[in-house]
Amino acid sequence: MPRNLIFIITINEEKNQYDLSMLKVHRDICGYCGCCVSVCPEGALELIDAYLSVEKNCTSCGVCAKVCPLGALEVVNEK
Amino acid sequence: MKNKYDVLVIGGGPAGALAAKTAVEKGLSACIVEKRPAIGAPVRCAEGIGQDALHEFIDPDPRWISAEMTGATIVAPDGFVMKLESEFAGSKVGYVLDRKFFDRELVWKAAEAGADVAVKSRAAAPIMENGVVKGAKIEYCGKVSSVHADVVIAADGVESKFSKWCGVDTTVPVREIMSSVQYVMADIDIDEHSTVFYLGNEVAPEGYLWIFPKGKRTANVGIGISGKKSGDGHRAKDYLDRFVKKTFPHGKTIEYIPGGVSVCRPLECTVADGLIIAGDAARVVDPLTGGGIYNAMFTGRLAAQVAADCIGKGDVSKKALMPYDKQWRASKMGKAIERNYHIKEYLIKLPDPKLNEIIHSVAKLNLKEFTTISLVKEIIRVNPKLVLELGALAASLR
C-alpha cells in the first residue's frame with residue numbers, strides 16, 4: 001500500500017457499519033512547505049525534502065487539511 | 001561526516017549555521033545535517049530584517065542583500081495609506097535579503113570556521129539512552145548511520161520533528177499557524193525602498209499581506225492568514241491571488257512559495273537532556289511580525305555557547321542546559337516575543353472599523369525609532385483609551 005494511503009476504521013455501532021476515513025495528499029497541489037507538519041497533534045506527518053509522508057498514527061482529524069495554504073490535503077470519508 | 005561530534009546540529013538555516021559556527025569557535029567539533037539537497041532553498045521567507053538586527057551578526061554584503069528599505073507603509077482595512085519614514089529621511093532602516101545566498105553565506109562561514117556540513121542528510125530518529133539524547137540516526141541516499149553527539153541542537157524549522165521524537169511537544173495551535181503563500185513577482189509598480197503591509201479581515205484575516213521589495217519593479221508579495229480562518233475557497237492562496245489580480249494584473253510571478261509561520265508562544269521549555277531547541281523549531285518567531293531570522297540566529301548562537309559551557313563541565317542534563325532557556329527568555333528578544341504576543345492577541349481581535357480608527361490617528365507620526373514597539377507606543381499615546389484595553393501590557397511599555 002502506498003505510504004500516503006492511510007485508512008482509519010471506526011466502528012459505528014448504531015448503524016452497524018464501518019466508517020473509513022483517509023488522509024489524501026494531492027501531490028500535484030502540495031508545495032512541500034511543512035505548514036501541516038507543524039500543527040499535526042499526532043506527529044503523523046513529516047516533510048522529507050520534497051515528499052510529504054503520512055504515518056500510520058494519522059487519525060484523519062483534518063487539522064492539516066484546514067491549514068494547508070494551497071488545499072493539497074483532503075480527508076476522504078467512505079461508508 | 002564522522003560518527004561522533006561534540007555538537008550535532010539538525011538543520012542548515014540561520015539557527016543551525018550560527019549554532020555550528022559558534023560551537024567550532026568555542027573549540028568544539030560540530031556538524032550540520034541538512035535534509036534538503038541545497039542550503040538556502042526553498043526560501044519560504046519574506047526575507048525582511050532590521051538594520052541593527054542584521055549588523056549584530058554579520059556585516060551586510062551586496063551579494064545577499066536584495067534591497068535596502070528606508071520606510072514602511074501600512075494600508076488600513078479601508079484603504080487609507082499610512083507612510084512611516086525614519087527620522088532621517090532616506091536613511092535605511094532594514095534590508096530585504098536574498099536568503100538563498102544569505103543562508104549559504106552563513107553555512108559557508110560555519111564550514112570555514114571548521115564545522116562539517118552534510119546535505120541531503122536527514123535526521124530520521126534520535127539516539128536515546130535512558131531518556132537522554134545522544135545523537136541521531138542520519139539517513140543519506142538510502143543509507144542510515146548513527147552519529148553520536150554530546151549535545152544535539154534541533155534547528156529543524158517550522159516542520160520540526162526531532163524534538164517531538166525526543167518527547168517535547170512542539171505542536172502549533174491551529175489558530176496560531178500563519179498559513180502563508182508568497183510570490184516573487186517581477187515587472188510590478190512598487191516603491192522599491194518601502195515595505196508595504198495590508199491589514200484587515202477582507203485582505204488577510206488575523207494576519208497581513210506584504211510587499212517586500214527585492215529591487216526595481218520586483219518584490220516578495222505574500223500573505224499569512226490564521227490557520228483558523230483557512231479552508232476550502234478561502235485559503236492563503238485564494239486571498240493572495242485575489243490581491244495580485246487586482247493590484248498587479250500585469251505582474252509576472254517568477255517563484256511560488258507556500259509556507260507556515262508560527263505565531264504562538266515559544267515552547268514551554270526549549271531544552272531536554274542532551275538537547276537544545278533553537279529558531280523556528282523552538283517557536284521563537286516574533287508573534288506580531290512573523291519575523292524569525294534574527295531570533296533564529298540569536299538562539300542558535302546562544303544554544304552553542306551554553307552547549308560549550310556544559311560540555312566543558314561534563315554535564316549536559318536538562319538542568320545543566322537550562323541557562324539557555326532562561327537566557328533567551330530574559331533577553332531583549334525574549335521580552336519582545338512575550339510583549340508582541342500580547343499585542344498580536346489584542347490586534348487580531350479588533351474589528352476593521354476600530355483598526356481603521358487607530359491607523360488614521362497615528363498617520364502623521366514621525367517616529368524617532370523605527371521599531372514595532374515604538375509604533376505601538378505611539379499608537380497608545382494618541383489613543384489613551386487603549387491603555388485600559390491593553391491593561392498590564394500597556395504599563396510594561398512605558
# chains A, B, ... in the order shown; residues from 1 in each chain; ligands from 1
>>> interface_residues(of="chain A", to="chain B", cutoff="12 Å", atoms="only C-alpha atoms", output="short mmCIF file (atom, residue, chain, number, x, y, z; two decimals) with N, CA and C atoms, in the first residue's frame")
data_model
loop_
_atom_site.label_atom_id
_atom_site.label_comp_id
_atom_site.auth_asym_id
_atom_site.auth_seq_id
_atom_site.Cartn_x
_atom_site.Cartn_y
_atom_site.Cartn_z
N ILE A 29 -0.73 19.35 -6.00
CA ILE A 29 -1.02 20.67 -5.41
C ILE A 29 -0.02 21.00 -4.31
N CYS A 30 0.40 19.99 -3.56
CA CYS A 30 1.30 20.18 -2.42
C CYS A 30 2.56 20.95 -2.83
N GLY A 31 2.92 21.93 -2.00
CA GLY A 31 4.13 22.72 -2.29
C GLY A 31 5.28 22.35 -1.36
N TYR A 32 5.09 21.29 -0.55
CA TYR A 32 6.15 20.78 0.34
C TYR A 32 6.70 21.87 1.25
N CYS A 33 5.79 22.55 1.96
CA CYS A 33 6.22 23.66 2.82
C CYS A 33 6.28 23.27 4.29
N GLY A 34 5.52 22.24 4.70
CA GLY A 34 5.59 21.81 6.09
C GLY A 34 4.66 22.52 7.04
N CYS A 35 3.81 23.38 6.53
CA CYS A 35 2.83 24.08 7.37
C CYS A 35 1.98 23.05 8.13
N CYS A 36 1.53 22.01 7.43
CA CYS A 36 0.69 20.96 8.01
C CYS A 36 1.42 20.20 9.11
N VAL A 37 2.73 19.98 8.89
CA VAL A 37 3.52 19.19 9.84
C VAL A 37 3.51 19.84 11.22
N SER A 38 3.56 21.19 11.22
CA SER A 38 3.68 21.91 12.49
C SER A 38 2.42 21.82 13.35
N VAL A 39 1.26 21.58 12.73
CA VAL A 39 0.01 21.56 13.51
C VAL A 39 -0.48 20.14 13.81
N CYS A 40 0.15 19.13 13.24
CA CYS A 40 -0.34 17.75 13.42
C CYS A 40 -0.17 17.32 14.87
N PRO A 41 -1.30 17.08 15.58
CA PRO A 41 -1.19 16.74 17.00
C PRO A 41 -0.61 15.36 17.25
N GLU A 42 -0.62 14.51 16.23
CA GLU A 42 -0.12 13.14 16.40
C GLU A 42 1.33 13.00 15.95
N GLY A 43 1.87 14.03 15.33
CA GLY A 43 3.21 13.91 14.77
C GLY A 43 3.24 12.90 13.63
N ALA A 44 2.10 12.81 12.91
CA ALA A 44 1.96 11.77 11.89
C ALA A 44 2.46 12.21 10.52
N LEU A 45 2.76 13.50 10.37
CA LEU A 45 3.23 13.99 9.08
C LEU A 45 4.71 14.32 9.17
N GLU A 46 5.39 14.11 8.07
CA GLU A 46 6.79 14.53 8.04
C GLU A 46 7.15 14.97 6.63
N LEU A 47 7.88 16.08 6.57
CA LEU A 47 8.32 16.58 5.28
C LEU A 47 9.73 16.07 5.02
N ILE A 48 9.83 15.14 4.08
CA ILE A 48 11.13 14.56 3.75
C ILE A 48 11.54 15.16 2.41
N ASP A 49 12.33 16.22 2.47
CA ASP A 49 12.70 17.01 1.30
C ASP A 49 11.43 17.39 0.53
N ALA A 50 11.22 16.87 -0.66
CA ALA A 50 10.04 17.24 -1.43
C ALA A 50 9.02 16.11 -1.44
N TYR A 51 8.81 15.51 -0.27
CA TYR A 51 7.81 14.44 -0.16
C TYR A 51 7.16 14.55 1.20
N LEU A 52 5.83 14.66 1.22
CA LEU A 52 5.12 14.69 2.49
C LEU A 52 4.71 13.27 2.84
N GLY A 62 -7.99 16.03 10.28
CA GLY A 62 -8.26 17.07 9.29
C GLY A 62 -7.67 18.44 9.61
N VAL A 63 -6.95 18.55 10.72
CA VAL A 63 -6.33 19.83 11.07
C VAL A 63 -5.37 20.29 9.97
N CYS A 64 -4.60 19.36 9.44
CA CYS A 64 -3.62 19.66 8.40
C CYS A 64 -4.31 20.17 7.13
N ALA A 65 -5.45 19.53 6.81
CA ALA A 65 -6.18 19.90 5.59
C ALA A 65 -6.72 21.32 5.72
N LYS A 66 -7.11 21.69 6.95
CA LYS A 66 -7.65 23.03 7.17
C LYS A 66 -6.60 24.11 6.96
N VAL A 67 -5.40 23.90 7.51
CA VAL A 67 -4.40 24.97 7.48
C VAL A 67 -3.59 25.02 6.18
N CYS A 68 -3.66 24.00 5.37
CA CYS A 68 -2.83 23.98 4.15
C CYS A 68 -3.09 25.23 3.31
N PRO A 69 -2.05 26.00 3.02
CA PRO A 69 -2.26 27.25 2.26
C PRO A 69 -2.72 27.02 0.84
N LEU A 70 -2.53 25.78 0.33
CA LEU A 70 -2.85 25.50 -1.06
C LEU A 70 -4.05 24.58 -1.24
N GLY A 71 -4.47 23.91 -0.18
CA GLY A 71 -5.56 22.96 -0.31
C GLY A 71 -5.12 21.62 -0.86
N ALA A 72 -3.94 21.18 -0.44
CA ALA A 72 -3.38 19.95 -1.00
C ALA A 72 -3.77 18.71 -0.22
N LEU A 73 -4.40 18.89 0.94
CA LEU A 73 -4.74 17.74 1.79
C LEU A 73 -6.25 17.61 1.90
N GLU A 74 -6.70 16.36 1.94
CA GLU A 74 -8.14 16.13 1.98
C GLU A 74 -8.42 14.87 2.80
#
>>> closest_residue(among="B:Asp189, B:Glu338, B:Asp280, B:Asp52", to="Met297 (chain B)", atoms="only C-alpha atoms")
B:Asp280
>>> closest_atom_pairs(of="region 320-361 of chain B", to="region 63-87 of chain B", cutoff="10 Å", atoms="only C-alpha atoms", output="Markdown table")
| residue | atom | partner | partner_atom | distance |
| --- | --- | --- | --- | --- |
| B:Pro351 | CA | B:Pro77 | CA | 9.7 |
| B:Asp352 | CA | B:Pro77 | CA | 6.0 |
| B:Pro353 | CA | B:Pro77 | CA | 7.8 |
| B:Lys354 | CA | B:Pro77 | CA | 9.7 |
| B:Leu355 | CA | B:Ala76 | CA | 7.2 |
| B:Asn356 | CA | B:Ala76 | CA | 5.6 |
| B:Glu357 | CA | B:Ala76 | CA | 9.1 |
| B:Ile358 | CA | B:Ala76 | CA | 9.2 |
| B:Ile359 | CA | B:Ala76 | CA | 6.5 |
| B:His360 | CA | B:Phe80 | CA | 7.5 |
| B:Ser361 | CA | B:Met82 | CA | 10.0 |
>>> write_last_selection(atoms="N, CA and C atoms", output="compact mmCIF listing (two decimals), in the first residue's frame")
# COMPACT_ATOMS: atom_id res chain seq x y z
N PRO B 351 -12.08 44.63 15.38
CA PRO B 351 -12.85 44.71 14.14
C PRO B 351 -12.24 45.76 13.21
N ASP B 352 -12.44 45.62 11.92
CA ASP B 352 -11.82 46.54 10.96
C ASP B 352 -12.06 48.02 11.25
N PRO B 353 -13.29 48.46 11.61
CA PRO B 353 -13.51 49.89 11.86
C PRO B 353 -12.60 50.44 12.96
N LYS B 354 -12.38 49.62 13.99
CA LYS B 354 -11.52 50.03 15.10
C LYS B 354 -10.06 50.16 14.61
N LEU B 355 -9.65 49.21 13.80
CA LEU B 355 -8.30 49.24 13.26
C LEU B 355 -8.10 50.47 12.37
N ASN B 356 -9.12 50.78 11.57
CA ASN B 356 -9.09 52.00 10.74
C ASN B 356 -8.87 53.23 11.62
N GLU B 357 -9.66 53.29 12.69
CA GLU B 357 -9.61 54.43 13.60
C GLU B 357 -8.19 54.62 14.15
N ILE B 358 -7.59 53.52 14.59
CA ILE B 358 -6.24 53.60 15.16
C ILE B 358 -5.23 54.06 14.12
N ILE B 359 -5.29 53.48 12.94
CA ILE B 359 -4.30 53.82 11.91
C ILE B 359 -4.45 55.28 11.47
N HIS B 360 -5.69 55.75 11.33
CA HIS B 360 -5.89 57.15 10.99
C HIS B 360 -5.26 58.06 12.05
N SER B 361 -5.39 57.66 13.30
CA SER B 361 -4.94 58.53 14.40
C SER B 361 -3.43 58.65 14.48
>>> residues_around(residues="region 307-321 of chain B", least_positions_apart="3", cutoff="8 Å", atoms="only C-alpha atoms", output="PyMOL selection string")
chain B and resi 6-7+23+26+28+132+150-151+271-276+303-304+324-325
>>> atom_distance(atom1="CA of Asp59 (chain B)", atom2="CA of Ile39 (chain B)")
20.1 Å
>>> atom_distance(atom1="CA of Lys134 (chain B)", atom2="CA of Glu25 (chain B)")
21.9 Å
>>> closest_residue(among="B:Ala41, B:Ile293, B:Ile153, B:Leu199", to="Pro14 (chain B)", atoms="only C-alpha atoms")
B:Ile293
>>> select_by_dssp(residues="region 125-325 of chain B", states="strand (DSSP E or B)", output="PyMOL selection string")
chain B and resi 125-129+132-140+143-154+177-186+194-198+208-215+218-226+252-262+271-272+275-277
>>> residues_around(residues="Ile10 (chain B)", least_positions_apart="6", cutoff="8 Å", atoms="only C-alpha atoms", output="list in words")
Gly16, Ile32, Val33, Glu34, Ala123, Val152, Ile153, Ala154, Ala155 and Asp156 of chain B
>>> residues_around(residues="region 244-249 of chain B", least_positions_apart="4", cutoff="12 Å", atoms="only C-alpha atoms", output="PyMOL selection string")
chain B and resi 181-190+198+203+209-211+217-223+237-240+253
>>> write_last_selection(atoms="N, CA, C and O atoms", output="tab-separated table (two decimals), in the first residue's frame")
chain	number	residue	atom	x	y	z
B	181	VAL	N	1.40	32.06	1.72
B	181	VAL	CA	1.87	31.87	0.35
B	181	VAL	C	2.57	33.15	-0.08
B	181	VAL	O	2.15	34.26	0.30
B	182	GLN	N	3.63	33.02	-0.83
B	182	GLN	CA	4.33	34.19	-1.34
B	182	GLN	C	4.70	33.97	-2.80
B	182	GLN	O	5.09	32.87	-3.19
B	183	TYR	N	4.55	35.03	-3.59
B	183	TYR	CA	5.04	35.01	-4.95
B	183	TYR	C	6.21	35.98	-5.05
B	183	TYR	O	6.15	37.08	-4.49
B	184	VAL	N	7.27	35.59	-5.70
B	184	VAL	CA	8.29	36.57	-6.08
B	184	VAL	C	7.79	37.12	-7.41
B	184	VAL	O	7.63	36.36	-8.37
B	185	MET	N	7.50	38.41	-7.44
B	185	MET	CA	6.90	38.99	-8.64
B	185	MET	C	7.85	39.95	-9.34
B	185	MET	O	8.65	40.63	-8.70
B	186	ALA	N	7.77	39.97	-10.64
B	186	ALA	CA	8.59	40.86	-11.45
B	186	ALA	C	7.69	41.76	-12.28
B	186	ALA	O	6.52	41.44	-12.52
B	187	ASP	N	8.25	42.90	-12.68
B	187	ASP	CA	7.53	43.85	-13.54
B	187	ASP	C	6.27	44.40	-12.87
B	187	ASP	O	5.18	44.40	-13.45
B	188	ILE	N	6.43	44.85	-11.62
B	188	ILE	CA	5.30	45.44	-10.90
B	188	ILE	C	5.65	46.86	-10.44
B	188	ILE	O	6.82	47.16	-10.17
B	189	ASP	N	4.63	47.71	-10.36
B	189	ASP	CA	4.82	49.08	-9.91
B	189	ASP	C	4.87	49.14	-8.40
B	189	ASP	O	3.85	48.95	-7.74
B	190	ILE	N	6.05	49.39	-7.85
B	190	ILE	CA	6.18	49.46	-6.38
B	190	ILE	C	7.14	50.59	-6.03
B	190	ILE	O	7.89	51.08	-6.88
B	198	TYR	N	-0.57	45.25	4.30
B	198	TYR	CA	-2.02	45.44	4.17
B	198	TYR	C	-2.71	44.70	5.31
B	198	TYR	O	-2.46	43.51	5.53
B	203	VAL	N	-8.75	41.39	3.60
B	203	VAL	CA	-7.49	41.18	2.89
B	203	VAL	C	-6.72	39.97	3.42
B	203	VAL	O	-6.26	39.12	2.64
B	209	LEU	N	-0.91	41.00	4.67
B	209	LEU	CA	-0.40	40.77	3.33
B	209	LEU	C	0.79	41.71	3.15
B	209	LEU	O	0.72	42.85	3.60
B	210	TRP	N	1.84	41.24	2.55
B	210	TRP	CA	3.04	42.07	2.47
B	210	TRP	C	3.57	42.23	1.05
B	210	TRP	O	3.38	41.35	0.21
B	211	ILE	N	4.22	43.37	0.85
B	211	ILE	CA	5.04	43.57	-0.35
B	211	ILE	C	6.42	43.97	0.16
B	211	ILE	O	6.58	45.02	0.77
B	217	ARG	N	11.01	47.23	-9.45
B	217	ARG	CA	9.87	46.52	-10.07
B	217	ARG	C	9.80	45.02	-9.75
B	217	ARG	O	9.23	44.24	-10.48
B	218	THR	N	10.42	44.65	-8.62
B	218	THR	CA	10.32	43.24	-8.21
B	218	THR	C	10.20	43.16	-6.69
B	218	THR	O	10.79	43.96	-5.98
B	219	ALA	N	9.41	42.21	-6.21
B	219	ALA	CA	9.15	42.12	-4.77
B	219	ALA	C	8.66	40.74	-4.38
B	219	ALA	O	8.14	39.98	-5.20
B	220	ASN	N	8.82	40.45	-3.05
B	220	ASN	CA	8.12	39.32	-2.46
B	220	ASN	C	6.72	39.80	-2.14
B	220	ASN	O	6.55	40.74	-1.37
B	221	VAL	N	5.72	39.20	-2.75
B	221	VAL	CA	4.33	39.57	-2.47
B	221	VAL	C	3.70	38.35	-1.82
B	221	VAL	O	3.59	37.29	-2.45
B	222	GLY	N	3.35	38.49	-0.54
B	222	GLY	CA	2.89	37.30	0.17
B	222	GLY	C	1.81	37.60	1.18
B	222	GLY	O	1.45	38.76	1.43
B	223	ILE	N	1.29	36.53	1.76
B	223	ILE	CA	0.21	36.68	2.73
B	223	ILE	C	0.30	35.57	3.77
B	223	ILE	O	0.72	34.45	3.48
B	237	LYS	N	-3.76	31.13	-0.49
B	237	LYS	CA	-3.55	31.30	-1.92
B	237	LYS	C	-4.73	32.03	-2.57
B	237	LYS	O	-4.53	32.86	-3.47
B	238	ASP	N	-5.95	31.75	-2.11
B	238	ASP	CA	-7.14	32.43	-2.66
B	238	ASP	C	-7.06	33.94	-2.40
B	238	ASP	O	-7.33	34.75	-3.29
B	239	TYR	N	-6.69	34.29	-1.17
B	239	TYR	CA	-6.58	35.72	-0.81
B	239	TYR	C	-5.48	36.40	-1.64
B	239	TYR	O	-5.65	37.50	-2.13
B	240	LEU	N	-4.34	35.72	-1.76
B	240	LEU	CA	-3.22	36.33	-2.47
B	240	LEU	C	-3.54	36.49	-3.96
B	240	LEU	O	-3.26	37.54	-4.55
B	253	THR	N	4.79	36.26	-12.03
B	253	THR	CA	5.23	35.50	-10.87
B	253	THR	C	6.39	34.61	-11.28
B	253	THR	O	6.23	33.75	-12.14
>>> residues_around(residues="Ala15 (chain B)", least_positions_apart="5", cutoff="7 Å", atoms="only C-alpha atoms", output="number ranges by chain")
B: 155, 278-279, 296-297, 299-300
